[in-house]
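Next comes protein_1.csv, a file with CSV, C-alpha atoms.
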chain,number,residue,atom,x,y,z
D,28,MET,CA,-4.6,34.2,14.9
D,29,PHE,CA,-4.2,35.7,18.4
D,30,ILE,CA,-1.4,37.6,20.0
D,31,THR,CA,-0.1,36.1,23.2
D,32,ASN,CA,2.5,38.9,24.0
D,33,LYS,CA,1.8,42.4,22.9
D,34,GLN,CA,5.3,43.7,23.5
D,35,SER,CA,7.1,41.0,21.4
D,36,GLY,CA,4.2,40.4,19.0
D,37,THR,CA,4.4,36.6,19.7
D,38,ASN,CA,1.3,35.0,18.2
D,39,VAL,CA,-0.4,31.6,17.7
D,40,HIS,CA,-2.2,30.3,14.6
D,41,GLU,CA,-3.7,26.9,13.8
D,42,VAL,CA,-2.1,26.0,10.5
D,43,ALA,CA,-3.5,22.5,10.2
D,44,ASP,CA,-5.9,20.4,12.2
D,45,GLY,CA,-4.4,20.4,15.7
D,46,ILE,CA,-1.1,21.9,14.6
D,47,TYR,CA,-0.3,25.4,15.9
D,48,ARG,CA,2.4,27.8,14.7
D,49,VAL,CA,3.9,29.9,17.4
D,50,ASN,CA,5.5,33.0,15.7
D,51,THR,CA,7.8,35.7,17.1
D,52,PRO,CA,8.9,38.6,14.8
D,53,VAL,CA,12.3,40.1,15.6
D,54,VAL,CA,14.7,42.7,14.4
D,55,MET,CA,18.3,41.3,14.4
D,56,GLU,CA,20.9,44.1,14.8
D,57,GLY,CA,23.8,43.4,12.5
D,58,GLY,CA,22.0,40.5,10.9
D,59,PRO,CA,19.5,40.1,8.1
D,60,GLY,CA,17.2,42.8,9.5
D,61,GLY,CA,13.7,41.6,10.2
D,62,PHE,CA,13.3,37.9,10.8
D,63,SER,CA,10.8,35.5,12.3
D,64,PHE,CA,11.1,32.4,14.5
D,65,ASN,CA,8.4,29.7,14.4
D,66,GLN,CA,7.7,26.7,16.6
D,67,PHE,CA,5.1,24.1,15.8
D,68,LEU,CA,2.9,22.5,18.5
D,69,ILE,CA,1.0,19.3,17.7
D,70,VAL,CA,-1.8,18.8,20.3
D,71,ASP,CA,-2.6,15.2,20.8
D,72,ASP,CA,-2.5,12.5,23.5
D,73,ALA,CA,1.3,12.9,23.5
D,74,PRO,CA,1.8,16.5,22.5
D,75,LEU,CA,4.9,17.5,20.5
D,76,LEU,CA,6.7,20.8,20.2
D,77,PHE,CA,9.0,21.0,17.1
D,78,HIS,CA,11.7,23.7,17.5
D,79,THR,CA,12.2,25.3,20.9
D,80,GLY,CA,13.3,28.8,19.8
D,81,PRO,CA,16.5,30.4,21.2
D,82,ARG,CA,17.0,30.2,25.0
D,83,LYS,CA,16.2,33.8,25.6
D,84,MET,CA,12.9,33.4,23.8
D,85,PHE,CA,11.7,30.7,26.1
D,86,PRO,CA,9.3,32.8,28.2
D,87,LEU,CA,7.6,34.0,25.1
D,88,VAL,CA,7.2,30.6,23.5
D,89,ARG,CA,6.1,29.0,26.8
D,90,GLU,CA,3.5,31.7,27.2
D,91,ALA,CA,2.2,31.0,23.7
D,92,VAL,CA,2.1,27.2,24.2
D,93,ALA,CA,0.3,27.7,27.5
D,94,SER,CA,-2.4,29.6,25.7
D,95,VAL,CA,-3.2,26.4,23.7
D,96,MET,CA,-2.6,23.7,26.3
D,97,PRO,CA,-0.9,23.1,29.7
D,98,VAL,CA,2.9,23.1,29.1
D,99,GLU,CA,3.4,20.2,31.5
D,100,ARG,CA,1.4,17.9,29.1
D,101,LEU,CA,4.2,18.0,26.5
D,102,ARG,CA,5.7,14.6,25.8
D,103,TYR,CA,8.2,15.4,23.1
D,104,ILE,CA,10.5,18.4,22.3
D,105,GLY,CA,11.6,17.9,18.7
D,106,LEU,CA,14.4,19.4,16.7
D,107,SER,CA,15.7,19.2,13.1
D,108,HIS,CA,19.3,19.7,14.0
D,109,VAL,CA,21.5,21.2,16.7
D,110,GLU,CA,21.3,25.0,16.6
D,111,ALA,CA,20.1,27.7,19.0
D,112,ASP,CA,16.8,28.4,17.3
D,113,GLU,CA,16.1,24.6,17.1
D,114,CYS,CA,17.0,23.6,20.6
D,115,GLY,CA,18.5,26.5,22.5
D,116,SER,CA,15.9,26.3,25.3
D,117,LEU,CA,15.6,22.5,25.3
D,118,ASN,CA,16.5,22.0,28.9
D,119,GLU,CA,14.1,24.8,30.0
D,120,TRP,CA,11.3,22.9,28.2
D,121,LEU,CA,12.4,19.6,29.8
D,122,ALA,CA,12.2,21.3,33.2
D,123,ALA,CA,8.7,22.7,32.4
D,124,ALA,CA,7.4,19.4,31.1
D,125,PRO,CA,8.7,16.7,33.4
D,126,GLN,CA,7.4,13.8,31.2
D,127,ALA,CA,8.8,15.2,28.0
D,128,ALA,CA,11.8,13.8,26.1
D,129,PRO,CA,14.0,15.3,23.4
D,130,LEU,CA,13.0,14.0,19.9
D,131,CYS,CA,15.5,13.9,17.1
D,132,GLY,CA,17.3,11.6,14.7
D,133,LYS,CA,19.8,9.0,15.8
D,134,VAL,CA,22.8,11.0,14.7
D,135,ALA,CA,21.8,14.1,16.7
D,136,ALA,CA,21.2,11.9,19.8
D,137,LEU,CA,24.6,10.3,19.4
D,138,VAL,CA,26.7,13.3,18.8
D,139,SER,CA,25.0,16.0,20.9
D,140,ILE,CA,21.6,15.6,22.5
D,141,ASP,CA,22.3,12.7,24.8
D,142,ASP,CA,25.1,14.9,26.2
D,143,ILE,CA,23.7,18.4,26.3
D,144,ALA,CA,20.1,17.5,27.3
D,145,ASP,CA,19.0,16.8,30.8
D,146,ARG,CA,17.1,13.7,29.7
D,147,PRO,CA,18.0,11.1,27.1
D,148,ALA,CA,16.6,11.6,23.6
D,149,ARG,CA,13.9,9.5,21.9
D,150,ALA,CA,16.0,8.9,18.8
D,151,LEU,CA,14.2,8.1,15.6
D,152,ALA,CA,15.6,6.0,12.8
D,153,ASP,CA,15.2,7.1,9.2
D,154,GLY,CA,11.6,6.4,8.1
D,155,GLU,CA,10.5,5.5,11.7
D,156,ILE,CA,6.9,6.5,12.6
D,157,LEU,CA,6.0,7.7,16.1
D,158,SER,CA,2.3,7.7,17.2
D,159,LEU,CA,1.2,10.8,19.2
D,160,GLY,CA,-2.4,9.5,19.4
D,161,LYS,CA,-4.7,10.3,16.5
D,162,ASN,CA,-1.6,11.9,14.8
D,163,SER,CA,1.6,10.3,13.8
D,164,VAL,CA,4.9,11.7,12.7
D,165,ARG,CA,7.5,10.1,10.4
D,166,TRP,CA,11.2,11.0,10.6
D,167,PHE,CA,13.3,11.7,7.5
D,168,ASP,CA,17.1,11.8,7.7
D,169,THR,CA,18.4,14.7,5.5
D,170,PRO,CA,22.1,14.9,6.3
D,171,HIS,CA,23.5,18.3,5.3
D,172,LEU,CA,20.1,19.5,3.8
D,173,PRO,CA,20.2,22.3,4.2
D,174,HIS,CA,23.0,22.0,6.7
D,175,ALA,CA,24.2,19.9,9.6
D,176,TRP,CA,25.2,16.2,9.5
D,177,GLU,CA,22.4,15.3,11.9
D,178,CYS,CA,19.6,17.2,10.1
D,179,GLY,CA,16.2,15.7,9.5
D,180,PHE,CA,12.5,16.6,9.2
D,181,LEU,CA,9.2,15.3,10.5
D,182,MET,CA,6.1,14.6,8.4
D,183,GLU,CA,2.7,14.6,10.2
D,184,GLU,CA,1.0,11.8,8.3
D,185,GLN,CA,-2.7,12.7,8.9
D,186,THR,CA,-2.6,16.3,7.9
D,187,ARG,CA,0.2,15.9,5.4
D,188,THR,CA,2.2,18.6,7.2
D,189,LEU,CA,6.0,18.6,6.6
D,190,LEU,CA,7.8,20.2,9.5
D,191,CYS,CA,10.6,21.4,7.1
D,192,GLY,CA,12.8,23.4,9.4
D,193,ASP,CA,15.2,25.7,7.5
D,194,LEU,CA,13.9,24.8,4.0
D,195,PHE,CA,12.2,27.8,2.4
D,196,THR,CA,13.5,30.3,5.0
D,197,GLN,CA,11.9,33.7,4.2
D,198,GLY,CA,13.6,36.9,5.4
D,199,GLY,CA,11.6,39.7,7.1
D,200,ALA,CA,9.6,39.8,10.3
D,201,GLU,CA,6.1,40.3,9.0
D,202,HIS,CA,4.5,37.4,7.2
D,203,PRO,CA,1.0,35.9,7.1
D,204,ALA,CA,0.7,32.8,9.2
D,205,THR,CA,-0.3,30.8,6.1
D,206,THR,CA,0.0,31.5,2.4
D,207,GLU,CA,-0.6,29.9,-0.9
D,208,SER,CA,1.6,32.5,-2.6
D,209,ASP,CA,5.2,31.9,-3.9
D,210,ILE,CA,7.7,31.3,-1.1
D,211,LEU,CA,10.5,29.8,-3.3
D,212,GLY,CA,11.3,33.2,-4.8
D,213,PRO,CA,11.6,35.0,-1.4
D,214,SER,CA,13.5,32.1,0.2
D,215,GLU,CA,15.9,32.0,-2.7
D,216,ALA,CA,16.4,35.8,-2.4
D,217,PHE,CA,17.3,35.3,1.2
D,218,ARG,CA,19.6,32.4,0.4
D,219,GLN,CA,21.5,34.4,-2.2
D,220,ALA,CA,22.2,37.0,0.4
D,221,MET,CA,23.2,34.6,3.1
D,222,ASP,CA,23.8,31.1,1.7
D,223,TYR,CA,23.2,28.7,4.6
D,224,TYR,CA,23.0,25.5,2.4
D,225,SER,CA,25.8,22.9,2.4
D,226,HIS,CA,24.9,22.1,-1.3
D,227,THR,CA,25.3,18.4,-0.6
D,228,ARG,CA,25.5,16.2,-3.7
D,229,ASN,CA,22.6,14.1,-2.4
D,230,GLY,CA,20.3,17.1,-2.1
D,231,ARG,CA,18.1,16.3,-5.1
D,232,ALA,CA,17.5,12.7,-3.9
D,233,MET,CA,16.6,13.8,-0.4
D,234,LEU,CA,14.2,16.5,-1.7
D,235,GLU,CA,12.6,13.9,-4.1
D,236,ARG,CA,12.1,11.6,-1.2
D,237,LEU,CA,10.3,14.4,0.8
D,238,ALA,CA,8.3,15.2,-2.3
D,239,ALA,CA,7.2,11.6,-2.6
D,240,ALA,CA,5.6,11.9,0.8
D,241,ASP,CA,3.2,14.3,-0.9
D,242,PRO,CA,2.9,17.1,1.7
D,243,THR,CA,0.1,19.7,1.4
D,244,THR,CA,1.4,22.0,4.2
D,245,LEU,CA,5.0,23.1,4.6
D,246,ALA,CA,5.7,24.3,8.1
D,247,CYS,CA,8.7,26.6,7.8
D,248,MET,CA,10.8,27.7,10.8
D,249,HIS,CA,11.2,31.2,9.4
D,250,GLY,CA,8.4,32.9,7.5
D,251,SER,CA,4.9,31.8,6.5
D,252,THR,CA,3.5,28.2,6.5
D,253,TRP,CA,2.8,27.3,2.9
D,254,LYS,CA,-0.3,25.4,1.6
D,255,GLY,CA,-0.5,23.7,-1.8
D,256,ASP,CA,1.2,21.1,-3.8
D,257,GLY,CA,4.3,20.5,-1.6
D,258,ALA,CA,5.7,17.9,-3.9
D,259,LYS,CA,5.8,20.3,-6.8
D,260,LEU,CA,7.4,23.0,-4.7
D,261,LEU,CA,10.1,20.7,-3.3
D,262,ARG,CA,11.0,19.5,-6.8
D,263,ALA,CA,11.2,23.2,-7.9
D,264,LEU,CA,13.6,23.8,-5.0
D,265,ALA,CA,15.7,20.8,-6.2
D,266,ASP,CA,15.8,22.3,-9.7
D,267,THR,CA,16.8,25.7,-8.4
D,268,LEU,CA,19.7,24.3,-6.2
D,269,SER,CA,20.9,22.3,-9.2
D,270,ARG,CA,21.4,25.4,-11.3
Now, as a test, write the supplied structure out as structure tokens.
Amino acid sequence: MFITNKQSGTNVHEVADGIYRVNTPVVMEGGPGGFSFNQFLIVDDAPLLFHTGPRKMFPLVREAVASVMPVERLRYIGLSHVEADECGSLNEWLAAAPQAAPLCGKVAALVSIDDIADRPARALADGEILSLGKNSVRWFDTPHLPHAWECGFLMEEQTRTLLCGDLFTQGGAEHPATTESDILGPSEAFRQAMDYYSHTRNGRAMLERLAAADPTTLACMHGSTWKGDGAKLLRALADTLSR
């Protein structure tokens, strides 16, 4: 891990082969206290950044991405759903990377992104695979899991990395970049204090579908990236939400 901005503490860590976690720890006044924002960069022939971070965080994230590869090489700016930490600086990224396109599910493109973004989205159908070069990502529609009609996740097929957005959100600003320790307990403690789940009746089925993809790395937007039996952990989350 190396720090790219000493003032903010923004740092970069390779969490899987060719996949980099950009992390910025913050203190949110009037909010949940310490928190962290993560973006994930897949370096390949057609590089992908998943999550942009909030608009005001753009200079920090750009600086971090530039420490790994030229920002203008980016081809896709991905998001799970429409929210400031997912796509708040989308247009800033599109300006910085002239050949990049927003990458999202078809619902997000239809209801939001094709209007608010400066370039049309590359909209993925449920289950569609997109090649980035040696890597490829598969899109999973997960409406209302944990929230937002347009929500979905990406699975990087070669490294078995699930870019799982707000699932397993861990409170606090200081986390190891990767961990094999329990994250379900801390994420549930955070959810109990600030329940951001829609509790859709289809949650278990969607989590089972993600589990069937057999991820071994869970790239969380807030907190540590987790390594281990992802299928088991996703099913444990389904059990917890069912109680």
Between atom CA of Leu268 of chain D and atom CA of Ala135 of chain D, distance in Å (one decimal)
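These atoms are spaced 25.2 Å apart.
Considering the residues D:Cys178, D:Met248, D:Val88, D:Leu130 and counting only C-alpha atoms, Gln197 of chain D has its shortest atom-to-atom contact with D:Met248.
The two atoms in question, atom CA of Glu184 of chain D and atom CA of Arg165 of chain D, are spaced 7.0 Å apart.
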query = Which one is closest to Ser208 of chain D: D:Lys254, D:His40, D:Arg100, D:Arg89? Count only C-alpha atoms.
reply =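 The answer is D:Lys254, which sits nearest to Ser208 of chain D.
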- Query: What's the 9 Å shell around Val92 of chain D, counting only C-alpha atoms, without same-chain residues fewer than 6 positions away, as a VMD selection string?
  - Reply: chain D and resid 39 47 49 68 76 98
Worksheet item: Between D:Ala122, D:Ala152, D:Leu234, D:Met28, which one has atoms that come closest to Pro173 of chain D, using only C-alpha atoms?
Response: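 Result for the nearest residue to Pro173 of chain D: D:Leu234.
In this structure, atom CA of Ile69 of chain D sits 9.5 Å away from atom CA of Leu101 of chain D.
For Val70 of chain D, the non-local neighbours within 9 Å, defined as residues at least 2 positions apart in the same chain or in other chains and counting only C-alpha atoms, are D:Gly45, D:Ile46, D:Tyr47, D:Leu68, D:Asp72, D:Ala73, D:Pro74, D:Leu75, D:Leu76, D:Val95, D:Met96, D:Leu101, D:Leu159, D:Asn162.
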Filtering to C-alpha atoms, could you give me those residues as a PDB file, in the coordinates of the input?
ATOM      1  CA  GLY D  45      -4.400  20.400  15.700  1.00  0.00           C
ATOM      2  CA  ILE D  46      -1.100  21.900  14.600  1.00  0.00           C
ATOM      3  CA  TYR D  47      -0.300  25.400  15.900  1.00  0.00           C
ATOM      4  CA  LEU D  68       2.900  22.500  18.500  1.00  0.00           C
ATOM      5  CA  ASP D  72      -2.500  12.500  23.500  1.00  0.00           C
ATOM      6  CA  ALA D  73       1.300  12.900  23.500  1.00  0.00           C
ATOM      7  CA  PRO D  74       1.800  16.500  22.500  1.00  0.00           C
ATOM      8  CA  LEU D  75       4.900  17.500  20.500  1.00  0.00           C
ATOM      9  CA  LEU D  76       6.700  20.800  20.200  1.00  0.00           C
ATOM     10  CA  VAL D  95      -3.200  26.400  23.700  1.00  0.00           C
ATOM     11  CA  MET D  96      -2.600  23.700  26.300  1.00  0.00           C
ATOM     12  CA  LEU D 101       4.200  18.000  26.500  1.00  0.00           C
ATOM     13  CA  LEU D 159       1.200  10.800  19.200  1.00  0.00           C
ATOM     14  CA  ASN D 162      -1.600  11.900  14.800  1.00  0.00           C
TER      15      ASN D 162
END
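Considering the residues D:Leu261, D:Ile30, D:Met182, D:Met233 and counting all atoms listed in the file, Ser158 of chain D has its shortest atom-to-atom contact with D:Met182.
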Give me, as a compact mmCIF listing (two decimals) with C-alpha atoms, in the frame of the given file, all polymer residues having an atom no more than 12 Å from Leu245 of chain D, counting all atoms listed in the file and skipping those fewer than 3 positions away in the same chain.
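Listed below is the output, result_24.txt:
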# COMPACT_ATOMS: atom_id res chain seq x y z
CA VAL D 42 -2.10 26.00 10.50
CA ALA D 43 -3.50 22.50 10.20
CA ILE D 46 -1.10 21.90 14.60
CA ARG D 48 2.40 27.80 14.70
CA PHE D 67 5.10 24.10 15.80
CA PHE D 180 12.50 16.60 9.20
CA LEU D 181 9.20 15.30 10.50
CA MET D 182 6.10 14.60 8.40
CA GLU D 183 2.70 14.60 10.20
CA THR D 186 -2.60 16.30 7.90
CA ARG D 187 0.20 15.90 5.40
CA THR D 188 2.20 18.60 7.20
CA LEU D 189 6.00 18.60 6.60
CA LEU D 190 7.80 20.20 9.50
CA CYS D 191 10.60 21.40 7.10
CA GLY D 192 12.80 23.40 9.40
CA ASP D 193 15.20 25.70 7.50
CA LEU D 194 13.90 24.80 4.00
CA PHE D 195 12.20 27.80 2.40
CA THR D 196 13.50 30.30 5.00
CA ALA D 204 0.70 32.80 9.20
CA THR D 205 -0.30 30.80 6.10
CA THR D 206 0.00 31.50 2.40
CA GLU D 207 -0.60 29.90 -0.90
CA ILE D 210 7.70 31.30 -1.10
CA LEU D 211 10.50 29.80 -3.30
CA LEU D 237 10.30 14.40 0.80
CA ALA D 238 8.30 15.20 -2.30
CA ALA D 240 5.60 11.90 0.80
CA ASP D 241 3.20 14.30 -0.90
CA PRO D 242 2.90 17.10 1.70
CA MET D 248 10.80 27.70 10.80
CA HIS D 249 11.20 31.20 9.40
CA GLY D 250 8.40 32.90 7.50
CA SER D 251 4.90 31.80 6.50
CA THR D 252 3.50 28.20 6.50
CA TRP D 253 2.80 27.30 2.90
CA LYS D 254 -0.30 25.40 1.60
CA GLY D 255 -0.50 23.70 -1.80
CA ASP D 256 1.20 21.10 -3.80
CA GLY D 257 4.30 20.50 -1.60
CA ALA D 258 5.70 17.90 -3.90
CA LYS D 259 5.80 20.30 -6.80
CA LEU D 260 7.40 23.00 -4.70
CA LEU D 261 10.10 20.70 -3.30
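With all atoms listed in the file as the basis for measurement, D:Leu87 is the residue among D:Asp145, D:His174, D:Leu87, D:Phe64 that approaches Gln34 of chain D most closely.
Shortest atom-to-atom contact with Glu113 of chain D among D:His78, D:Arg236, D:Lys83, D:Lys133: D:His78, counting all atoms listed in the file.
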Grab all the atoms of segment 97-114 of chain D that the file lists, wrap them in a box along x, y and z, add 6 Å per side, and give me centre plus edge lengths in Å (one decimal) as JSON.
{"center_x": 10.3, "center_y": 21.5, "center_z": 22.3, "size_x": 34.4, "size_y": 25.8, "size_z": 30.4}
| task | Using all atoms listed in the file, determine which residues lie at most 9 Å from Pro129 of chain D, disregarding the query and same-chain residues fewer than 6 positions distant; provide the list as a count of residues only. | result | 16
Using all atoms listed in the file, which residues sit within 12 Å of Trp176 of chain D once same-chain residues fewer than 5 positions away are excluded, as a tab-separated table (two decimals) with C-alpha atoms, in the coordinates of the input?
chain	number	residue	atom	x	y	z
D	107	SER	CA	15.70	19.20	13.10
D	108	HIS	CA	19.30	19.70	14.00
D	109	VAL	CA	21.50	21.20	16.70
D	110	GLU	CA	21.30	25.00	16.60
D	132	GLY	CA	17.30	11.60	14.70
D	133	LYS	CA	19.80	9.00	15.80
D	134	VAL	CA	22.80	11.00	14.70
D	135	ALA	CA	21.80	14.10	16.70
D	136	ALA	CA	21.20	11.90	19.80
D	137	LEU	CA	24.60	10.30	19.40
D	138	VAL	CA	26.70	13.30	18.80
D	139	SER	CA	25.00	16.00	20.90
D	168	ASP	CA	17.10	11.80	7.70
D	169	THR	CA	18.40	14.70	5.50
D	170	PRO	CA	22.10	14.90	6.30
D	171	HIS	CA	23.50	18.30	5.30
D	224	TYR	CA	23.00	25.50	2.40
D	225	SER	CA	25.80	22.90	2.40
D	227	THR	CA	25.30	18.40	-0.60
May I ask you to restore N, CA and C atoms in segment 190-203 of chain D and write the result as a PDB file, in the coordinates of the input?
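Contents of part-v8.pdb, as written:
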ATOM      1  N   LEU D 190       7.107  19.286   8.620  1.00  0.00           N
ATOM      2  CA  LEU D 190       7.800  20.200   9.500  1.00  0.00           C
ATOM      3  C   LEU D 190       9.215  20.342   8.915  1.00  0.00           C
ATOM      4  N   CYS D 191       9.409  21.359   8.044  1.00  0.00           N
ATOM      5  CA  CYS D 191      10.600  21.400   7.100  1.00  0.00           C
ATOM      6  C   CYS D 191      11.689  22.289   7.569  1.00  0.00           C
ATOM      7  N   GLY D 192      11.688  22.712   8.837  1.00  0.00           N
ATOM      8  CA  GLY D 192      12.800  23.400   9.400  1.00  0.00           C
ATOM      9  C   GLY D 192      13.278  24.603   8.583  1.00  0.00           C
ATOM     10  N   ASP D 193      14.559  24.594   8.198  1.00  0.00           N
ATOM     11  CA  ASP D 193      15.200  25.700   7.500  1.00  0.00           C
ATOM     12  C   ASP D 193      14.924  25.745   6.007  1.00  0.00           C
ATOM     13  N   LEU D 194      14.286  24.721   5.456  1.00  0.00           N
ATOM     14  CA  LEU D 194      13.900  24.800   4.000  1.00  0.00           C
ATOM     15  C   LEU D 194      12.935  25.939   3.834  1.00  0.00           C
ATOM     16  N   PHE D 195      13.089  26.675   2.742  1.00  0.00           N
ATOM     17  CA  PHE D 195      12.200  27.800   2.400  1.00  0.00           C
ATOM     18  C   PHE D 195      12.203  28.900   3.413  1.00  0.00           C
ATOM     19  N   THR D 196      13.346  29.145   4.046  1.00  0.00           N
ATOM     20  CA  THR D 196      13.500  30.300   5.000  1.00  0.00           C
ATOM     21  C   THR D 196      13.187  31.584   4.251  1.00  0.00           C
ATOM     22  N   GLN D 197      12.280  32.366   4.803  1.00  0.00           N
ATOM     23  CA  GLN D 197      11.900  33.700   4.200  1.00  0.00           C
ATOM     24  C   GLN D 197      12.389  34.768   5.163  1.00  0.00           C
ATOM     25  N   GLY D 198      13.121  35.720   4.632  1.00  0.00           N
ATOM     26  CA  GLY D 198      13.600  36.900   5.400  1.00  0.00           C
ATOM     27  C   GLY D 198      12.403  37.776   5.760  1.00  0.00           C
ATOM     28  N   GLY D 199      12.653  38.715   6.655  1.00  0.00           N
ATOM     29  CA  GLY D 199      11.600  39.700   7.100  1.00  0.00           C
ATOM     30  C   GLY D 199      10.888  39.181   8.291  1.00  0.00           C
ATOM     31  N   ALA D 200      10.313  40.133   9.016  1.00  0.00           N
ATOM     32  CA  ALA D 200       9.600  39.800  10.300  1.00  0.00           C
ATOM     33  C   ALA D 200       8.130  39.662  10.119  1.00  0.00           C
ATOM     34  N   GLU D 201       7.549  40.272   9.123  1.00  0.00           N
ATOM     35  CA  GLU D 201       6.100  40.300   9.000  1.00  0.00           C
ATOM     36  C   GLU D 201       5.656  39.383   7.855  1.00  0.00           C
ATOM     37  N   HIS D 202       4.976  38.320   8.207  1.00  0.00           N
ATOM     38  CA  HIS D 202       4.500  37.400   7.200  1.00  0.00           C
ATOM     39  C   HIS D 202       3.082  36.909   7.649  1.00  0.00           C
ATOM     40  N   PRO D 203       2.205  36.605   6.685  1.00  0.00           N
ATOM     41  CA  PRO D 203       1.000  35.900   7.100  1.00  0.00           C
ATOM     42  C   PRO D 203       1.265  34.571   7.654  1.00  0.00           C
TER      43      PRO D 203
END
